[in-house]
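Accompanying notes for the structure given below.
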Amino acid sequence: MTTTELRRKSIEYRKAILTSIHSGGAGHTAGSLSCVDIINVLYNHTMNISPANFDQVDRDHYIQSKGHSVEALYAVLADKGFFSMETLLADLNRNGTHFVGHPTRKVPGIEHNTGALGHGLSVAVGLALAAKLDDKVYRVFTLLGDGELAEGSVWEASMTAAHYQLDNLVVIIDRNTLQITGRTEDVNALEPLSDKFRAFGYAVREVDGNDVSALAATLDAVPFAAGQPNLLLARTVKGKGVSFMEDEKSWHHKVPNADQLTAALDELNAAQAVLEGVSP
Amino acid sequence: MNTMGQPNQQVFADTLLEIAQRNRDVLVVTSDSRGSAKLLAFGEELPQQIVEVGIAEQNLVGISAGLAAGGKIVFAVSPACFLTIRALEQIKNDVAYSDRPVRVIGISAGVSYGMLGSTHHSLHDYAALRCIHNIDIIAPADNFETRAAVQALIDHPRPVYLRLGKKPMPHLHTADAQFEIGKAITVREGHDLTFIAIGEPTSRALAAADLLASEGLSCRVISMHTLRPFDQQALLSAARETQAIITVEEHSVHGGLGECCAAILMQYGIYTPLKIVGIPDTYTYNGDQFAIFDHYGISADGLAAVARTLVEVSI
């Protein structure tokens, strides 16, 4: 997929995220917007995964440890054909459906039930270790939030990933610097984050996590170093793509009303027009 | 028979080694716990089939779920006291809710660690796991049940918790006994009163039945080795066919076998006299496992005394 096509996908996914959250009346709006470019590149450029091979073990795997940003994953999975966009719009947050506010394996395309933070990395380590034990070539990608890094189990799993030299494991941090209470550095300081991950044995790369071209190129370089787990520190903007949501902690799980949805879609349509080279 | 056998966790380790030698997908995951789990021989013979994660129980369970997703037959082995409460959220979400059939093995369970104190006791695990959907719960009473349970776990399709102790256990069963997950074993028939026991105190219930037999009281003894799925029929039959029930467990009297039985009987409208014998809700007495059992009446004498009061009541 070309960079322009990836950018087009990101705009479509942002529209789907906002529309589905508005329609369902709940969701983690800003965090979904910050990480959607990463999930886009994983599913449309990097990973060997599709509805056709999903029931096999020997394919790439994705575990979204920051489960609350599931609306971004739903948008991508719908586009990839795991279920329809109509199903997503009709079911998200509706009583009696499986489209709850965190990933579950009851939804096609979901690998693991997440939502309690600090769990996904250990599971990803287990999957990556199973590949090493069986000489399989699949890779395991997992996405963590930055607020999530306060969970001690993240660091337990990191030590094990380095100990078993899991260079088939790719840990991506959605470093948007905000959590529900405020700045991560005010809540429970994380920096110097790259140094911490290096000290835990990762091969670390930093990237603009909202730049699909840079993401694709960096993920092409996996493994960053033989025998070391990969860590991609993706610097992102929470609420990315909608000016009045960007870097605003109040949009953590605020639902756009009809006017806000219209304004947001207008901005995204304008961005799409620029991308396609036509005046809005 | 009642001759002394091996520690159940030794039988677990020996049985698992036999199975793992034939099935290379069997994997043991430990948290610096291979020594206490009697898995040193396993680690030496099958180094490719043991994964060490260090003292990190949450990580142990999460990694086990991932290994299971990768097609492995995983036994996650750690002291029950840490495994079932520090890693409870991983058991709930990564194993049970995510439906990854990890075999969660709690070693040195109950008050096995005795004088190490309450940090090392697991008197909460039945209660904690009973209210989490999609994890079976098994606590073998003797070497026979342990061996049969480990063999049955290889093909078990669901998450399961196996609770094992560290002291040598007397034999309860003869070799022709039948073990099936979810099906209680009647160790002795009787018509006056029934002991329903789970795990390592079961032999003490049998000893109480021996004592009461000499007084002319006929006691049924049921080994309820599986707490979930629960053998409701065995309980209901005991309630209908004998005058009283005494439940016996190495667990808090809250939330375990006894309350499970009481709830079922009440909801069936069956008001058979019932006593729950376990570890009471108090600062636990300091002693070795059997001393703690004796202290709280989980003994032939203690259980016989409870039986006498119950049968008086019901006559």
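Letters A, B, ... go to the chains of the structure tokens in the order shown; residues in each chain start at 1; ligands are counted from 1 in the same order.
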
Inset, instruction - Restrict the distance test to only C-alpha atoms, flag each residue of chain B within 7 Å of chain A, and return the flagged residues as an MDAnalysis selection string. - result: chainID B and resid 53 56 58:59 62:67 69:70 93:94 97:98

Inset, instruction - Fewer than 5 positions away in the same chain doesn't count, so skip those; otherwise give me all residues within 12 Å of Gly147 (chain A), counting only C-alpha atoms, as a VMD selection string. - result: chain A and resid 31 65 to 66 68 117 to 118 152 154 173 to 191 193

Next, write the just-selected residues to a file, as an mmCIF file, in the first residue's frame, keeping C-alpha atoms as the atom set.
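Final file, out-v1.cif:
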```
data_model
loop_
_atom_site.group_PDB
_atom_site.id
_atom_site.type_symbol
_atom_site.label_atom_id
_atom_site.label_comp_id
_atom_site.auth_asym_id
_atom_site.auth_seq_id
_atom_site.Cartn_x
_atom_site.Cartn_y
_atom_site.Cartn_z
ATOM 1 C CA GLY A 31 -6.694 7.590 22.627
ATOM 2 C CA SER A 65 -2.773 -4.029 25.618
ATOM 3 C CA LYS A 66 -4.319 -0.540 25.779
ATOM 4 C CA HIS A 68 -9.711 0.957 25.916
ATOM 5 C CA LEU A 117 -3.892 -2.526 31.881
ATOM 6 C CA GLY A 118 -0.475 -4.128 32.066
ATOM 7 C CA GLY A 152 4.561 -3.242 37.331
ATOM 8 C CA VAL A 154 4.876 -4.390 32.134
ATOM 9 C CA ILE A 173 4.225 2.565 22.984
ATOM 10 C CA ASP A 174 1.504 5.080 22.124
ATOM 11 C CA ARG A 175 3.390 7.974 23.734
ATOM 12 C CA ASN A 176 0.737 10.681 23.680
ATOM 13 C CA THR A 177 1.856 12.033 27.096
ATOM 14 C CA LEU A 178 -1.695 12.250 28.464
ATOM 15 C CA GLN A 179 -3.689 9.980 30.725
ATOM 16 C CA ILE A 180 -7.116 10.477 32.232
ATOM 17 C CA THR A 181 -5.882 12.646 35.098
ATOM 18 C CA GLY A 182 -3.461 14.771 33.069
ATOM 19 C CA ARG A 183 0.135 14.713 31.835
ATOM 20 C CA THR A 184 1.900 11.412 32.442
ATOM 21 C CA GLU A 185 4.863 13.395 33.759
ATOM 22 C CA ASP A 186 2.642 15.009 36.398
ATOM 23 C CA VAL A 187 0.788 11.836 37.363
ATOM 24 C CA ASN A 188 3.739 9.450 37.725
ATOM 25 C CA ALA A 189 6.750 10.527 35.687
ATOM 26 C CA LEU A 190 7.945 8.109 32.997
ATOM 27 C CA GLU A 191 10.948 9.861 31.465
ATOM 28 C CA LEU A 193 11.566 6.439 28.830
#
```

Inset, instruction - Could you check which of A:Ser69, A:Asn168, A:Asn230, A:Asn93 is closest to Thr29 (chain A), using only C-alpha atoms? - result: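 With only C-alpha atoms as the atom set, the closest residue is A:Ser69.
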
Inset, instruction - Identify, on the basis of only C-alpha atoms, every residue whose closest approach to Leu153 (chain B) does not exceed 10 Å; exclude the query and any residue fewer than 4 positions from it along the same chain; express the result as a list in words. - result: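 Returned residues: Ile73, Phe75, Pro101, Val102, Arg103, Ala148, Ala149, Pro157, Arg158, Pro159, Val160, Tyr161, Leu162 and Ile181 of chain B.
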
Legend entry - Å distance separating CA of Gln272 (chain A) from CA of Phe83 (chain A), one decimal place: 24.6 Å

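CA of Glu5 (chain A) is positioned 28.0 Å from CA of Val255 (chain A).
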
Inset, instruction - Check the smallest atom-to-atom distance from each of B:Phe12, B:Phe195, B:Tyr296, B:Tyr268 to Ala139 (chain B) using only C-alpha atoms, then report the winner. - result: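 Closest candidate: B:Phe12.
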
Set the distance at 12 Å and use only C-alpha atoms: which residues neighbour Ile39 (chain A) once local chain neighbours fewer than 5 positions away are removed? I'd like the list as a PDB file with N, CA and C atoms, in the first residue's frame.
```pdb
ATOM      1  N   LEU A   6      -2.174   4.717   2.586  1.00  0.00           N
ATOM      2  CA  LEU A   6      -2.170   4.588   4.057  1.00  0.00           C
ATOM      3  C   LEU A   6      -2.760   5.836   4.710  1.00  0.00           C
ATOM      4  N   LYS A   9      -6.416   5.754   4.361  1.00  0.00           N
ATOM      5  CA  LYS A   9      -6.993   4.813   5.340  1.00  0.00           C
ATOM      6  C   LYS A   9      -7.095   5.480   6.715  1.00  0.00           C
ATOM      7  N   SER A  10      -6.048   6.187   7.114  1.00  0.00           N
ATOM      8  CA  SER A  10      -6.067   6.821   8.441  1.00  0.00           C
ATOM      9  C   SER A  10      -7.228   7.798   8.568  1.00  0.00           C
ATOM     10  N   TYR A  13     -10.401   5.778   8.848  1.00  0.00           N
ATOM     11  CA  TYR A  13     -10.521   5.161  10.178  1.00  0.00           C
ATOM     12  C   TYR A  13     -10.914   6.201  11.225  1.00  0.00           C
ATOM     13  N   ARG A  14     -10.346   7.400  11.109  1.00  0.00           N
ATOM     14  CA  ARG A  14     -10.713   8.449  12.087  1.00  0.00           C
ATOM     15  C   ARG A  14     -12.202   8.769  11.975  1.00  0.00           C
ATOM     16  N   SER A  32      -8.028   6.581  20.869  1.00  0.00           N
ATOM     17  CA  SER A  32      -8.201   5.874  19.600  1.00  0.00           C
ATOM     18  C   SER A  32      -7.602   6.688  18.460  1.00  0.00           C
ATOM     19  N   LEU A  33      -7.803   8.003  18.516  1.00  0.00           N
ATOM     20  CA  LEU A  33      -7.252   8.865  17.459  1.00  0.00           C
ATOM     21  C   LEU A  33      -5.729   8.926  17.531  1.00  0.00           C
ATOM     22  N   SER A  34      -5.160   8.792  18.708  1.00  0.00           N
ATOM     23  CA  SER A  34      -3.695   8.870  18.801  1.00  0.00           C
ATOM     24  C   SER A  34      -3.037   7.613  18.247  1.00  0.00           C
ATOM     25  N   ASN A  44      -2.177  -2.831   7.433  1.00  0.00           N
ATOM     26  CA  ASN A  44      -2.165  -2.604   5.991  1.00  0.00           C
ATOM     27  C   ASN A  44      -0.777  -2.629   5.377  1.00  0.00           C
ATOM     28  N   HIS A  45       0.245  -2.721   6.211  1.00  0.00           N
ATOM     29  CA  HIS A  45       1.600  -2.708   5.658  1.00  0.00           C
ATOM     30  C   HIS A  45       2.488  -3.797   6.256  1.00  0.00           C
ATOM     31  N   THR A  46       2.464  -3.921   7.589  1.00  0.00           N
ATOM     32  CA  THR A  46       3.504  -4.691   8.268  1.00  0.00           C
ATOM     33  C   THR A  46       3.144  -6.159   8.487  1.00  0.00           C
ATOM     34  N   MET A  47       1.937  -6.407   8.996  1.00  0.00           N
ATOM     35  CA  MET A  47       1.640  -7.748   9.505  1.00  0.00           C
ATOM     36  C   MET A  47       1.064  -8.663   8.425  1.00  0.00           C
ATOM     37  N   TYR A  62      -1.385  -9.685  16.861  1.00  0.00           N
ATOM     38  CA  TYR A  62      -1.492  -8.340  17.431  1.00  0.00           C
ATOM     39  C   TYR A  62      -2.321  -8.387  18.706  1.00  0.00           C
ATOM     40  N   ILE A  63      -1.727  -7.918  19.777  1.00  0.00           N
ATOM     41  CA  ILE A  63      -2.446  -7.826  21.054  1.00  0.00           C
ATOM     42  C   ILE A  63      -2.460  -6.369  21.484  1.00  0.00           C
ATOM     43  N   GLN A  64      -3.648  -5.838  21.626  1.00  0.00           N
ATOM     44  CA  GLN A  64      -3.770  -4.426  22.008  1.00  0.00           C
ATOM     45  C   GLN A  64      -3.902  -4.332  23.518  1.00  0.00           C
ATOM     46  N   SER A  69      -8.695   1.656  23.798  1.00  0.00           N
ATOM     47  CA  SER A  69      -8.751   2.291  22.477  1.00  0.00           C
ATOM     48  C   SER A  69      -9.241   1.311  21.422  1.00  0.00           C
ATOM     49  N   VAL A  70     -10.154   0.468  21.817  1.00  0.00           N
ATOM     50  CA  VAL A  70     -10.644  -0.594  20.925  1.00  0.00           C
ATOM     51  C   VAL A  70     -11.357  -0.032  19.704  1.00  0.00           C
ATOM     52  N   GLU A  71     -11.916   1.176  19.811  1.00  0.00           N
ATOM     53  CA  GLU A  71     -12.665   1.710  18.657  1.00  0.00           C
ATOM     54  C   GLU A  71     -11.739   1.887  17.449  1.00  0.00           C
ATOM     55  N   ALA A  72     -10.456   2.195  17.683  1.00  0.00           N
ATOM     56  CA  ALA A  72      -9.512   2.283  16.557  1.00  0.00           C
ATOM     57  C   ALA A  72      -9.316   0.897  15.930  1.00  0.00           C
ATOM     58  N   LEU A  73      -9.206  -0.115  16.788  1.00  0.00           N
ATOM     59  CA  LEU A  73      -9.023  -1.483  16.278  1.00  0.00           C
ATOM     60  C   LEU A  73     -10.276  -1.951  15.545  1.00  0.00           C
ATOM     61  N   TYR A  74     -11.446  -1.666  16.109  1.00  0.00           N
ATOM     62  CA  TYR A  74     -12.701  -2.043  15.438  1.00  0.00           C
ATOM     63  C   TYR A  74     -12.763  -1.443  14.032  1.00  0.00           C
ATOM     64  N   ALA A  75     -12.370  -0.148  13.914  1.00  0.00           N
ATOM     65  CA  ALA A  75     -12.448   0.517  12.609  1.00  0.00           C
ATOM     66  C   ALA A  75     -11.562  -0.201  11.588  1.00  0.00           C
ATOM     67  N   VAL A  76     -10.347  -0.592  12.034  1.00  0.00           N
ATOM     68  CA  VAL A  76      -9.420  -1.264  11.122  1.00  0.00           C
ATOM     69  C   VAL A  76      -9.925  -2.676  10.788  1.00  0.00           C
ATOM     70  N   LEU A  77     -10.382  -3.398  11.805  1.00  0.00           N
ATOM     71  CA  LEU A  77     -10.847  -4.773  11.567  1.00  0.00           C
ATOM     72  C   LEU A  77     -12.068  -4.792  10.634  1.00  0.00           C
ATOM     73  N   ASP A  79     -12.638  -2.621   8.270  1.00  0.00           N
ATOM     74  CA  ASP A  79     -12.107  -2.357   6.927  1.00  0.00           C
ATOM     75  C   ASP A  79     -11.413  -3.590   6.352  1.00  0.00           C
ATOM     76  N   LYS A  80     -10.784  -4.387   7.218  1.00  0.00           N
ATOM     77  CA  LYS A  80     -10.084  -5.578   6.738  1.00  0.00           C
ATOM     78  C   LYS A  80     -11.036  -6.748   6.489  1.00  0.00           C
ATOM     79  N   PHE A 141       3.093  -8.395  17.752  1.00  0.00           N
ATOM     80  CA  PHE A 141       3.061  -6.948  17.944  1.00  0.00           C
ATOM     81  C   PHE A 141       2.104  -6.636  19.079  1.00  0.00           C
ATOM     82  N   THR A 142       2.515  -5.743  19.945  1.00  0.00           N
ATOM     83  CA  THR A 142       1.606  -5.347  21.022  1.00  0.00           C
ATOM     84  C   THR A 142       1.695  -3.841  21.232  1.00  0.00           C
ATOM     85  N   LEU A 143       0.547  -3.248  21.469  1.00  0.00           N
ATOM     86  CA  LEU A 143       0.457  -1.793  21.630  1.00  0.00           C
ATOM     87  C   LEU A 143       0.101  -1.461  23.075  1.00  0.00           C
ATOM     88  N   LEU A 144       0.948  -0.646  23.695  1.00  0.00           N
ATOM     89  CA  LEU A 144       0.712  -0.225  25.082  1.00  0.00           C
ATOM     90  C   LEU A 144       0.511   1.281  25.131  1.00  0.00           C
ATOM     91  N   ILE A 172       5.046  -1.601  20.974  1.00  0.00           N
ATOM     92  CA  ILE A 172       4.852  -0.233  20.497  1.00  0.00           C
ATOM     93  C   ILE A 172       4.185   0.575  21.612  1.00  0.00           C
ATOM     94  N   ILE A 173       4.782   1.698  21.946  1.00  0.00           N
ATOM     95  CA  ILE A 173       4.225   2.565  22.984  1.00  0.00           C
ATOM     96  C   ILE A 173       3.530   3.747  22.305  1.00  0.00           C
ATOM     97  N   ASP A 174       2.257   3.917  22.610  1.00  0.00           N
ATOM     98  CA  ASP A 174       1.504   5.080  22.124  1.00  0.00           C
ATOM     99  C   ASP A 174       1.795   6.238  23.087  1.00  0.00           C
ATOM    100  N   GLY A 209       4.589   8.740  15.699  1.00  0.00           N
ATOM    101  CA  GLY A 209       3.569   7.693  15.641  1.00  0.00           C
ATOM    102  C   GLY A 209       2.306   8.094  14.918  1.00  0.00           C
ATOM    103  N   ASN A 210       2.241   9.297  14.412  1.00  0.00           N
ATOM    104  CA  ASN A 210       1.103   9.686  13.582  1.00  0.00           C
ATOM    105  C   ASN A 210       1.529   9.858  12.118  1.00  0.00           C
ATOM    106  N   ASP A 211       2.761   9.479  11.797  1.00  0.00           N
ATOM    107  CA  ASP A 211       3.280   9.588  10.432  1.00  0.00           C
ATOM    108  C   ASP A 211       3.350   8.167   9.842  1.00  0.00           C
ATOM    109  N   VAL A 212       2.389   7.838   8.988  1.00  0.00           N
ATOM    110  CA  VAL A 212       2.303   6.448   8.490  1.00  0.00           C
ATOM    111  C   VAL A 212       3.549   6.066   7.702  1.00  0.00           C
ATOM    112  N   LEU A 215       6.279   5.347  10.232  1.00  0.00           N
ATOM    113  CA  LEU A 215       5.938   4.103  10.940  1.00  0.00           C
ATOM    114  C   LEU A 215       6.246   2.891  10.065  1.00  0.00           C
ATOM    115  N   ALA A 216       5.810   2.957   8.797  1.00  0.00           N
ATOM    116  CA  ALA A 216       6.007   1.818   7.897  1.00  0.00           C
ATOM    117  C   ALA A 216       7.500   1.539   7.721  1.00  0.00           C
ATOM    118  N   LEU A 219       8.972   0.074  10.997  1.00  0.00           N
ATOM    119  CA  LEU A 219       8.554  -1.314  11.232  1.00  0.00           C
ATOM    120  C   LEU A 219       9.191  -2.267  10.212  1.00  0.00           C
ATOM    121  N   ALA A 234       6.499   5.397  19.977  1.00  0.00           N
ATOM    122  CA  ALA A 234       5.779   6.168  18.955  1.00  0.00           C
ATOM    123  C   ALA A 234       5.230   7.440  19.590  1.00  0.00           C
TER     124      ALA A 234
END
```

Legend entry - Per-residue DSSP, region 170-274 of chain A, filtered to strand (DSSP E or B), as a list in words: Val170, Val171, Ile172, Ile173, Asp174, Arg175, Leu178, Gln179, Gly182, Arg183, Ala203, Val204, Arg205, Glu206, Val207, Asp208, Asn230, Leu231, Leu232, Leu233, Ala234 and Arg235 of chain A

Selection from above, N, CA and C atoms, as a compact mmCIF listing (two decimals), in the first residue's frame, can you write it?
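result.txt, written as the output of this step:
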```
# COMPACT_ATOMS: atom_id res chain seq x y z
N VAL A 170 7.49 -7.17 19.06
CA VAL A 170 7.56 -5.73 18.78
C VAL A 170 6.59 -5.01 19.71
N VAL A 171 7.15 -4.26 20.63
CA VAL A 171 6.35 -3.52 21.61
C VAL A 171 6.26 -2.08 21.14
N ILE A 172 5.05 -1.60 20.97
CA ILE A 172 4.85 -0.23 20.50
C ILE A 172 4.18 0.58 21.61
N ILE A 173 4.78 1.70 21.95
CA ILE A 173 4.22 2.56 22.98
C ILE A 173 3.53 3.75 22.31
N ASP A 174 2.26 3.92 22.61
CA ASP A 174 1.50 5.08 22.12
C ASP A 174 1.79 6.24 23.09
N ARG A 175 2.87 6.98 22.78
CA ARG A 175 3.39 7.97 23.73
C ARG A 175 2.71 9.32 23.45
N LEU A 178 -0.51 11.93 27.64
CA LEU A 178 -1.69 12.25 28.46
C LEU A 178 -2.33 10.97 28.99
N GLN A 179 -2.82 11.03 30.21
CA GLN A 179 -3.69 9.98 30.72
C GLN A 179 -4.91 10.66 31.34
N GLY A 182 -4.25 13.66 33.60
CA GLY A 182 -3.46 14.77 33.07
C GLY A 182 -2.19 14.27 32.41
N ARG A 183 -1.14 15.09 32.44
CA ARG A 183 0.13 14.71 31.83
C ARG A 183 0.75 13.51 32.55
N ALA A 203 15.92 -3.22 22.01
CA ALA A 203 16.46 -2.38 20.94
C ALA A 203 15.37 -1.34 20.66
N VAL A 204 15.70 -0.08 20.92
CA VAL A 204 14.68 0.98 20.93
C VAL A 204 14.79 1.86 19.69
N ARG A 205 13.66 2.16 19.09
CA ARG A 205 13.61 3.19 18.04
C ARG A 205 12.50 4.17 18.41
N GLU A 206 12.68 5.40 18.06
CA GLU A 206 11.63 6.40 18.26
C GLU A 206 11.11 6.82 16.90
N VAL A 207 9.83 7.17 16.86
CA VAL A 207 9.22 7.51 15.58
C VAL A 207 8.05 8.45 15.84
N ASP A 208 7.71 9.25 14.83
CA ASP A 208 6.46 10.02 14.89
C ASP A 208 5.32 9.03 14.66
N ASN A 230 12.11 -5.78 20.35
CA ASN A 230 12.02 -4.47 19.68
C ASN A 230 11.09 -3.56 20.46
N LEU A 231 11.49 -2.32 20.62
CA LEU A 231 10.58 -1.35 21.23
C LEU A 231 10.50 -0.11 20.35
N LEU A 232 9.28 0.19 19.96
CA LEU A 232 9.04 1.37 19.14
C LEU A 232 8.32 2.41 19.99
N LEU A 233 9.05 3.47 20.30
CA LEU A 233 8.45 4.55 21.08
C LEU A 233 7.81 5.52 20.09
N ALA A 234 6.50 5.40 19.98
CA ALA A 234 5.78 6.17 18.95
C ALA A 234 5.23 7.44 19.59
N ARG A 235 5.84 8.56 19.20
CA ARG A 235 5.39 9.84 19.76
C ARG A 235 4.13 10.28 19.00
```

Legend entry - Non-local contacts of Asn257 (chain A) (9 Å; only C-alpha atoms; under 4 positions in same chain excluded) as a PyMOL selection string: chain A and resi 22+25+261-262

Legend entry - For CA of His191 (chain B) and CA of Gly256 (chain B), the interatomic separation in Å (one decimal): 24.9 Å

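The environment of region 125-131 of chain B within 6 Å, counting only C-alpha atoms and disregarding residues fewer than 2 places along the same chain, consists of Thr84, Leu123, Gly255 and Gly256 of chain B.
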
Could you write out that same residue set with C-alpha atoms as a PDB file, in the first residue's frame?
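See again.pdb below for the written result:
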```pdb
ATOM      1  CA  THR B  84      -4.187 -17.378  43.093  1.00  0.00           C
ATOM      2  CA  LEU B 123      -7.230 -20.319  52.309  1.00  0.00           C
ATOM      3  CA  GLY B 255     -16.661 -19.442  50.063  1.00  0.00           C
ATOM      4  CA  GLY B 256     -15.449 -23.003  49.705  1.00  0.00           C
TER       5      GLY B 256
END
```
